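Enquirer: Pasting a structure below so you can have a look.
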Amino acid sequence: MSQKLEAKNVNVFYDQTHVIKNVNLSVKANSVAAFIGPSGCGKSTFLRLYNRMNDLIEGFRKEGEVLLDGKDIYAKDLRVEDLRKKVGMVFQKPNPFPKSIYENVIYGLRIRGVNNKKLLDETVERSLRQAALWEEVKDNLKKSALALSGGQQQRLCIARAIATEPSVLLMDEPASALDPISSSKIEELIYELKTQYTIIIVTHNMQQAGRVSDTTAFFYLGELVEYDTTKKIFMNPSDVRTQDYITGRFG
Amino acid sequence: MNRIQTNRIKDKAFQYFGVFCTFFGLAMLAVFVLDVLRKGIHRIDWDFISNLPSRFPEKAGIFTALMGTCWILILTAIIAIPIGVAAGIYLEEYGKRNRFAAILEINITNLAGIPSIIYGLLGLEIFVRIAGLGQSVLAGALTLSLLVLPIIIVSTRESIRAVPRSLREASLALGASKWQTIWNQVLPAGGGGILTGVILALSRAVGEAAPLIVVGALAYVPFAPSTPLDEFSVLPIQIYNWVSRPQQGFVTNSAAAIIILLIVTFLMNGIAIYFRSRWQKKVKW
């Protein structure tokens, strides 16, 4: 399998603070990579490099290269709007727009000027089916997204992210604000979605990382301590810090 | 008397003082409104609203002043709303957080506190003389626009600052440009607050007399303005003019005109409250 995402000698600074220290990391296409590590270790910052959400933060500076399908996503001639169409993101807290379910799903298409009713209808059904939400909302597509439960809202956010047909899906602790049942639904969903998307998930939940991911990266104080198959990381980590973290001795 | 008792007495004393202060302002307003109603309500009829000014108090009406106020209201809205909202958006969304921005912010807040007559002098120099607009409705509206711009800018900034970051991030992460995010998410979510600020700013403009006197609004205008470059009068100036006349009839007229002006401003405030509550029901997060 080819490398979908590659990071080469990446350093990130917020003003003078060095938050990502010389990280090299590759993610294969159609696999799930989990980023784990204690709070403030830089895993979310690293995740947000892939869709350039860090650009919004004043004082942000990056060194090194981040490649998507072999192309530098920080290249001058690349439009960040195009990048974010290819790299979707799901946030920690469900953040649906205060609009109908239907309008939420097609937002990514609307802003690109797609107005073909048939295409929009198809996209809504396809995305909601993929996000395992269709059966629950198909009769209420005009209803406000804010009337949904937290777990449903998060699945709607996933549907919204995949409606533009990205190839990469970034998930920043997508289940941490949800109850266990919703959380396990999201996990099942990740398992389904990886056939079509390359997924990176940041999580604080070790069991979740163990269940859903193919590879796991352990970050600590801005460094990538260890990156290997999930099996290896959880069964036989090579670094003592990884061992300590996953067995819950610190974090 | 022990300490606890003294504290209790202080507590009570402050409570009564607070109640007194609250009702003092309200009572003054009530007395004023009742007095004006008693003096002027019988004078209000269709003739009073539709008649032109006259030397005879019984024949005089507020038609030209009311039309002038409408013209001022509409022109000021057309000029001040786009500029004020756009400036607010720029400062909040595009402006960098640095020393220059801090100075700009302090100065805009200061502008809101400048006496309105100073704006009148500014308007007289810039719009009436340099721009050559003369003593026209347009010059008056431009002057009042300057006066209410800081209010609109500040309320726009505050409303869009209250829009959660997560909403912007959701939009940007889907590939929306900054402007699309502002237009589709930030403005609708902050719209209620912006609208309220705009309406309050406009009702301030409607009640102003001082800057318009300086700019050259006239107390006696025989015809309602038909173009933005016509001479004009507004309700506050009409009131001011009538109050200063010796005849009792004109004093009654001014009381009646005050009632009309109060109705206009109460109506505008009511609309502001209505829109705010409607918007709040529609937009939740």
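Just so we're on the same page: first chain in the structure tokens is A, next is B, and so on; residues restart at 1 for each chain, and ligands are numbered from 1 in the order they show up.
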Compute the chain B side of the contact with chain A at 12 Å, counting only C-alpha atoms, and hand it back as a VMD selection string.
Expert: chain B and resid 93 to 98 163 to 181 183 to 186 188 to 190 279 to 285
Enquirer: Write out the residues from the selection above, keeping C-alpha atoms, as an mmCIF file, in the first residue's frame.
Expert:
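Heads up, here's the output in out_3.cif:
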data_model
loop_
_atom_site.group_PDB
_atom_site.id
_atom_site.type_symbol
_atom_site.label_atom_id
_atom_site.label_comp_id
_atom_site.auth_asym_id
_atom_site.auth_seq_id
_atom_site.Cartn_x
_atom_site.Cartn_y
_atom_site.Cartn_z
ATOM 1 C CA GLU B 93 -12.394 38.822 11.986
ATOM 2 C CA TYR B 94 -9.561 40.186 9.893
ATOM 3 C CA GLY B 95 -7.766 42.691 12.078
ATOM 4 C CA LYS B 96 -4.659 41.391 13.795
ATOM 5 C CA ARG B 97 -4.410 41.544 17.567
ATOM 6 C CA ASN B 98 -1.600 44.015 17.999
ATOM 7 C CA VAL B 163 -20.296 33.299 18.038
ATOM 8 C CA PRO B 164 -18.530 30.128 19.182
ATOM 9 C CA ARG B 165 -15.202 29.219 17.668
ATOM 10 C CA SER B 166 -16.425 25.679 17.015
ATOM 11 C CA LEU B 167 -18.930 26.992 14.468
ATOM 12 C CA ARG B 168 -16.234 28.820 12.504
ATOM 13 C CA GLU B 169 -13.929 25.806 12.660
ATOM 14 C CA ALA B 170 -16.680 23.517 11.374
ATOM 15 C CA SER B 171 -17.215 25.774 8.375
ATOM 16 C CA LEU B 172 -13.522 26.298 7.608
ATOM 17 C CA ALA B 173 -12.762 22.593 7.960
ATOM 18 C CA LEU B 174 -15.296 21.886 5.221
ATOM 19 C CA GLY B 175 -13.313 24.072 2.869
ATOM 20 C CA ALA B 176 -15.269 27.296 3.233
ATOM 21 C CA SER B 177 -13.297 30.474 2.718
ATOM 22 C CA LYS B 178 -13.126 33.028 5.470
ATOM 23 C CA TRP B 179 -15.757 35.185 3.816
ATOM 24 C CA GLN B 180 -18.094 32.209 3.249
ATOM 25 C CA THR B 181 -17.739 31.339 6.912
ATOM 26 C CA TRP B 183 -21.493 35.150 5.567
ATOM 27 C CA ASN B 184 -23.022 31.705 6.165
ATOM 28 C CA GLN B 185 -22.307 31.159 9.839
ATOM 29 C CA VAL B 186 -21.003 34.139 11.769
ATOM 30 C CA PRO B 188 -26.606 34.668 10.887
ATOM 31 C CA ALA B 189 -25.535 33.574 14.366
ATOM 32 C CA GLY B 190 -24.633 37.092 15.461
ATOM 33 C CA TRP B 279 -33.363 35.442 16.595
ATOM 34 C CA GLN B 280 -32.418 33.907 19.908
ATOM 35 C CA LYS B 281 -35.121 31.295 19.474
ATOM 36 C CA LYS B 282 -33.884 30.442 16.024
ATOM 37 C CA VAL B 283 -30.170 30.281 16.756
ATOM 38 C CA LYS B 284 -28.947 28.100 19.580
ATOM 39 C CA TRP B 285 -25.783 26.160 20.165
#
Enquirer: Which polymer residues have any atom within 12 Å of an atom of B:Leu122, counting only C-alpha atoms, with same-chain residues fewer than 6 positions away left out, as number ranges by chain?
Expert: B: 114-116, 128-131, 139-140, 142-147, 211-212, 214-215
Enquirer: Which is closest to A:Glu165 among A:Val212, A:Ala75, A:Val124, A:Ile101, if we use only C-alpha atoms?
Expert: A:Val124
Enquirer: From a DSSP calculation on the backbone, collect every residue of stretch 32-195 of chain A in alpha helix (DSSP H) and output the set as a PyMOL selection string.
Expert: chain A and resi 43-47+80-86+101-110+117-130+134-137+150-162+180-193
Enquirer: Give me, as an MDAnalysis selection string, all polymer residues having an atom no more than 7 Å from stretch 203-205 of chain A, counting only C-alpha atoms and skipping those fewer than 6 positions away in the same chain.
Expert: chainID A and resid 34:36 173
Enquirer: Please measure the separation of atom CA of A:Lys143 and atom CA of A:Leu156, giving the value in Å to one decimal.
Expert: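 Interatomic distance, atom CA of A:Lys143 to atom CA of A:Leu156: 12.6 Å.
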Enquirer: Can you pull out the residues contacting stretch 40-47 of chain A? Cut-off 10 Å, using only C-alpha atoms, and skip same-chain residues under 2 positions away; I want them as a PyMOL selection string.
Expert: chain A and resi 7+10-12+18-21+23+34-38+49-54+89+170-173+200-203+217-224+251
Enquirer: Report as a ChimeraX atom specification: the residues of stretch 121-243 of chain A with a DSSP assignment of strand (DSSP E), based on the backbone of this structure.
Expert: /A:168-172,198-202,215-220,223-229
Enquirer: I want to know what sits within 8 Å of A:Lys8, based on only C-alpha atoms, with residues of the same chain fewer than 5 positions away left out; could you give that as a list in words?
Expert: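 Surrounding residues, per the criterion: Asn22, Val23, Asn24, Leu25, Gly64, Glu65 and Val66 of chain A.
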Enquirer: Go ahead and save the picked residues with C-alpha atoms, as a PDB file, in the first residue's frame.
Expert:
ATOM      1  CA  ASN A  22      11.205  16.853  14.565  1.00  0.00           C
ATOM      2  CA  VAL A  23       8.463  14.351  13.817  1.00  0.00           C
ATOM      3  CA  ASN A  24       8.617  11.845  10.959  1.00  0.00           C
ATOM      4  CA  LEU A  25       5.451   9.845  10.408  1.00  0.00           C
ATOM      5  CA  GLY A  64       9.568  20.519   7.498  1.00  0.00           C
ATOM      6  CA  GLU A  65       7.208  18.952   4.987  1.00  0.00           C
ATOM      7  CA  VAL A  66       3.725  17.481   5.165  1.00  0.00           C
TER       8      VAL A  66
END
Enquirer: List as a list in words the protein and nucleic acid residues near B:Leu202, meaning an atom at most 8 Å away when only C-alpha atoms are counted, but skip any in the same chain fewer than 5 places from it.
Expert: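 Returned residues: Leu73, Thr76, Ala77 and Val148 of chain B.
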Enquirer: Could you state the separation of atom CA of A:Arg241 and atom CA of A:Ala177 in Å, given to one decimal place?
Expert: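 Separation between atom CA of A:Arg241 and atom CA of A:Ala177: 27.2 Å.
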Enquirer: How many Å separate atom CA of B:Asn269 from atom CA of B:Thr196?
Expert: 8.3 Å
Enquirer: Which residue gives the smallest distance to B:Arg55 among B:Leu104, B:Ala255, B:Ala219, B:Ile118, with only C-alpha atoms counted?
Expert: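 Smallest distance to B:Arg55 is found for B:Ala219.
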